[in-house]
file input-v3.txt (compact mmCIF, C-alpha atoms and all ligand atoms)
# COMPACT_ATOMS: atom_id res chain seq x y z
CA MET A 1 56.86 -18.54 -14.13
CA ARG A 2 60.49 -18.56 -13.05
CA PHE A 3 59.90 -16.40 -9.97
CA ASP A 4 57.50 -17.01 -7.11
CA ALA A 5 54.42 -14.90 -6.51
CA ALA A 6 55.99 -12.70 -3.83
CA VAL A 7 58.95 -11.86 -6.08
CA MET A 8 56.66 -11.06 -9.00
CA LYS A 9 54.55 -8.84 -6.77
CA ARG A 10 57.68 -6.94 -5.69
CA LEU A 11 58.96 -6.57 -9.25
CA ARG A 12 55.54 -5.37 -10.45
CA ALA A 13 55.31 -2.84 -7.61
CA ASN A 14 58.76 -1.46 -8.44
CA LEU A 15 57.85 -1.36 -12.12
CA MET A 16 54.70 0.64 -11.38
CA LYS A 17 56.62 3.00 -9.09
CA ARG A 18 59.01 3.72 -11.96
CA GLY A 19 56.06 4.22 -14.29
CA GLN A 20 54.56 6.76 -11.90
CA ALA A 21 57.86 8.64 -11.65
CA LEU A 22 58.10 8.76 -15.45
CA ALA A 23 54.49 9.89 -15.79
CA ASP A 24 55.07 12.65 -13.22
CA GLY A 25 58.22 13.62 -15.11
CA LEU A 26 56.32 13.78 -18.39
CA ALA A 27 53.74 16.08 -16.81
CA ASP A 28 56.58 18.30 -15.57
CA VAL A 29 58.23 18.42 -19.01
CA LEU A 30 54.93 19.30 -20.65
CA ALA A 31 54.61 22.09 -18.07
CA GLY A 32 57.98 23.46 -19.18
CA LYS A 33 60.10 22.08 -16.33
CA HIS A 34 63.19 19.89 -16.39
CA PRO A 35 62.49 17.09 -13.85
CA PRO A 36 65.38 15.11 -12.29
CA VAL A 37 63.94 11.85 -13.65
CA LEU A 38 65.25 12.89 -17.09
CA SER A 39 68.77 12.11 -15.93
CA LEU A 40 67.72 8.49 -15.29
CA ILE A 41 66.66 7.67 -18.84
CA THR A 42 68.70 7.53 -22.00
CA GLY A 43 66.59 7.32 -25.14
CA LYS A 44 68.02 7.67 -28.61
CA PRO A 45 70.12 10.64 -29.75
CA GLY A 46 68.00 13.51 -30.97
CA MET A 47 64.91 12.50 -29.02
CA ARG A 48 63.14 15.31 -27.21
CA PRO A 49 62.68 14.89 -23.44
CA GLU A 50 58.97 14.11 -23.79
CA GLU A 51 59.74 11.51 -26.47
CA LYS A 52 62.27 9.85 -24.19
CA LEU A 53 59.77 9.77 -21.36
CA ARG A 54 56.99 8.41 -23.57
CA ALA A 55 59.32 5.67 -24.90
CA ALA A 56 60.30 4.76 -21.33
CA LEU A 57 56.63 4.67 -20.32
CA ASP A 58 55.82 2.41 -23.29
CA GLN A 59 58.58 0.05 -22.15
CA ILE A 60 57.11 -0.03 -18.62
CA GLU A 61 53.67 -0.79 -20.05
CA ARG A 62 54.99 -3.61 -22.24
CA ARG A 63 56.74 -5.24 -19.28
CA ARG A 64 53.69 -4.84 -17.05
CA THR A 65 51.59 -6.55 -19.72
CA LEU A 66 54.01 -9.49 -19.70
CA ILE A 67 53.85 -9.76 -15.90
CA ASP A 68 50.06 -9.65 -15.89
CA ALA A 69 49.89 -12.28 -18.64
CA ASP A 70 52.33 -14.49 -16.67
CA ASP A 71 54.42 -14.42 -19.84
CA ASP A 72 57.82 -16.08 -19.60
CA ALA A 73 59.26 -13.28 -21.81
CA PHE A 74 59.27 -11.02 -18.76
CA GLY A 75 62.79 -10.69 -17.41
CA ARG A 76 64.35 -11.90 -20.63
CA CYS A 77 66.14 -10.05 -23.42
CA ASP A 78 63.67 -9.26 -26.23
CA ILE A 79 66.32 -10.15 -28.81
CA CYS A 80 68.12 -13.29 -27.58
CA LYS A 81 65.75 -14.39 -24.74
CA LEU A 82 68.61 -14.46 -22.23
CA ASP A 83 67.34 -14.57 -18.65
CA LEU A 84 68.40 -11.22 -17.21
CA GLY A 85 68.37 -12.59 -13.67
CA LEU A 86 66.70 -11.48 -10.48
CA ALA A 87 69.52 -9.19 -9.32
CA ALA A 88 69.22 -7.10 -12.50
CA LEU A 89 65.41 -7.15 -12.41
CA ASP A 90 65.35 -6.00 -8.81
CA GLU A 91 67.35 -2.99 -9.95
CA MET A 92 65.53 -2.49 -13.26
CA PRO A 93 62.28 -4.48 -13.51
CA TRP A 94 61.64 -2.71 -16.82
CA ALA A 95 64.80 -4.20 -18.38
CA ASP A 96 64.13 -5.74 -21.80
CA ARG A 97 67.63 -6.15 -23.23
CA CYS A 98 70.81 -7.95 -22.18
CA ALA A 99 73.99 -5.86 -22.18
CA PRO A 100 75.15 -6.90 -25.70
CA HIS A 101 71.72 -5.97 -27.11
CA ALA A 102 71.22 -2.82 -25.04
CA ASP A 103 71.46 -0.52 -28.07
CA GLN A 104 69.03 -2.43 -30.34
ZN ZN B 1 70.17 -10.25 -25.73
call {"tool": "encode", "arguments": {"input": "input-v3.txt", "output": "structure tokens"}}
result
Amino acid sequence: MRFDAAVMKRLRANLMKRGQALADGLADVLAGKHPPVLSLITGKPGMRPEEKLRAALDQIERRRTLIDADDDAFGRCDICKLDLGLAALDEMPWADRCAPHADQ
């Protein structure tokens, strides 16, 4: 693992916090509300709000699985394997693409 245990614990905690916010947002959307968390996620054009939230939650779950498996793919771009770096991961521990591959 490229990061020490304390760093991984922090990244995992932030990842789970994001997951909880998205799950709460999904519950709100399904209840007919428009939660603020929707402004934080992008999704693909034409996706409904609940689809965007479910896709974001899937991404969280995939990254959490990598952390828990101590998989070196965590923190790297899924396409080119570039190390996204700790500064970016501290901001977005769910990141799975480098900037050039962000739309793929
Ligand atoms: Zn990449």
call {"tool": "residues_around", "arguments": {"input": "input-v3.txt", "residues": "stretch 18-29 of chain A", "least_positions_apart": "5", "cutoff": "7 Å", "atoms": "all atoms listed in the file", "output": "VMD selection string"}}
result
chain A and resid 34 to 35 37 50 53 57 60
call {"tool": "atom_distance", "arguments": {"input": "input-v3.txt", "atom1": "atom CA of A:Ala87", "atom2": "atom CA of A:Asp58"}}
result
22.7 Å
call {"tool": "axis_aligned_box", "arguments": {"input": "input-v3.txt", "around": "stretch 5-18 of chain A", "padding_each_side": "5 Å", "output": "AutoDock Vina command-line options"}}
result
--center_x 56.7 --center_y -5.6 --center_z -8.0 --size_x 14.6 --size_y 28.6 --size_z 18.3
call {"tool": "residues_near_ligand", "arguments": {"input": "input-v3.txt", "ligand": "ligand ZN 1 (chain B)", "cutoff": "7 Å", "atoms": "only C-alpha atoms and all ligand atoms", "output": "ChimeraX atom specification"}}
result
/A:77-82,97-101
call {"tool": "residues_around", "arguments": {"input": "input-v3.txt", "residues": "A:Glu91", "least_positions_apart": "6", "cutoff": "12 Å", "atoms": "only C-alpha atoms", "output": "list in words"}}
result
Arg10, Leu11, Asn14, Leu15, Arg18, Gly75, Leu84 and Gly85 of chain A
call {"tool": "write_last_selection", "arguments": {"input": "input-v3.txt", "atoms": "C-alpha atoms", "output": "compact mmCIF listing (two decimals), in the coordinates of the input"}}
result
# COMPACT_ATOMS: atom_id res chain seq x y z
CA ARG A 10 57.68 -6.94 -5.69
CA LEU A 11 58.96 -6.57 -9.25
CA ASN A 14 58.76 -1.46 -8.44
CA LEU A 15 57.85 -1.36 -12.12
CA ARG A 18 59.01 3.72 -11.96
CA GLY A 75 62.79 -10.69 -17.41
CA LEU A 84 68.40 -11.22 -17.21
CA GLY A 85 68.37 -12.59 -13.67
call {"tool": "closest_residue", "arguments": {"input": "input-v3.txt", "among": "A:Phe74, A:Gly32, A:Asp90, A:Ala6", "to": "A:Gln59", "atoms": "only C-alpha atoms"}}
result
A:Phe74
call {"tool": "closest_residue", "arguments": {"input": "input-v3.txt", "among": "A:Met92, A:Leu66, A:Ala73, A:Met16", "to": "A:Leu40", "atoms": "all atoms listed in the file"}}
result
A:Met92
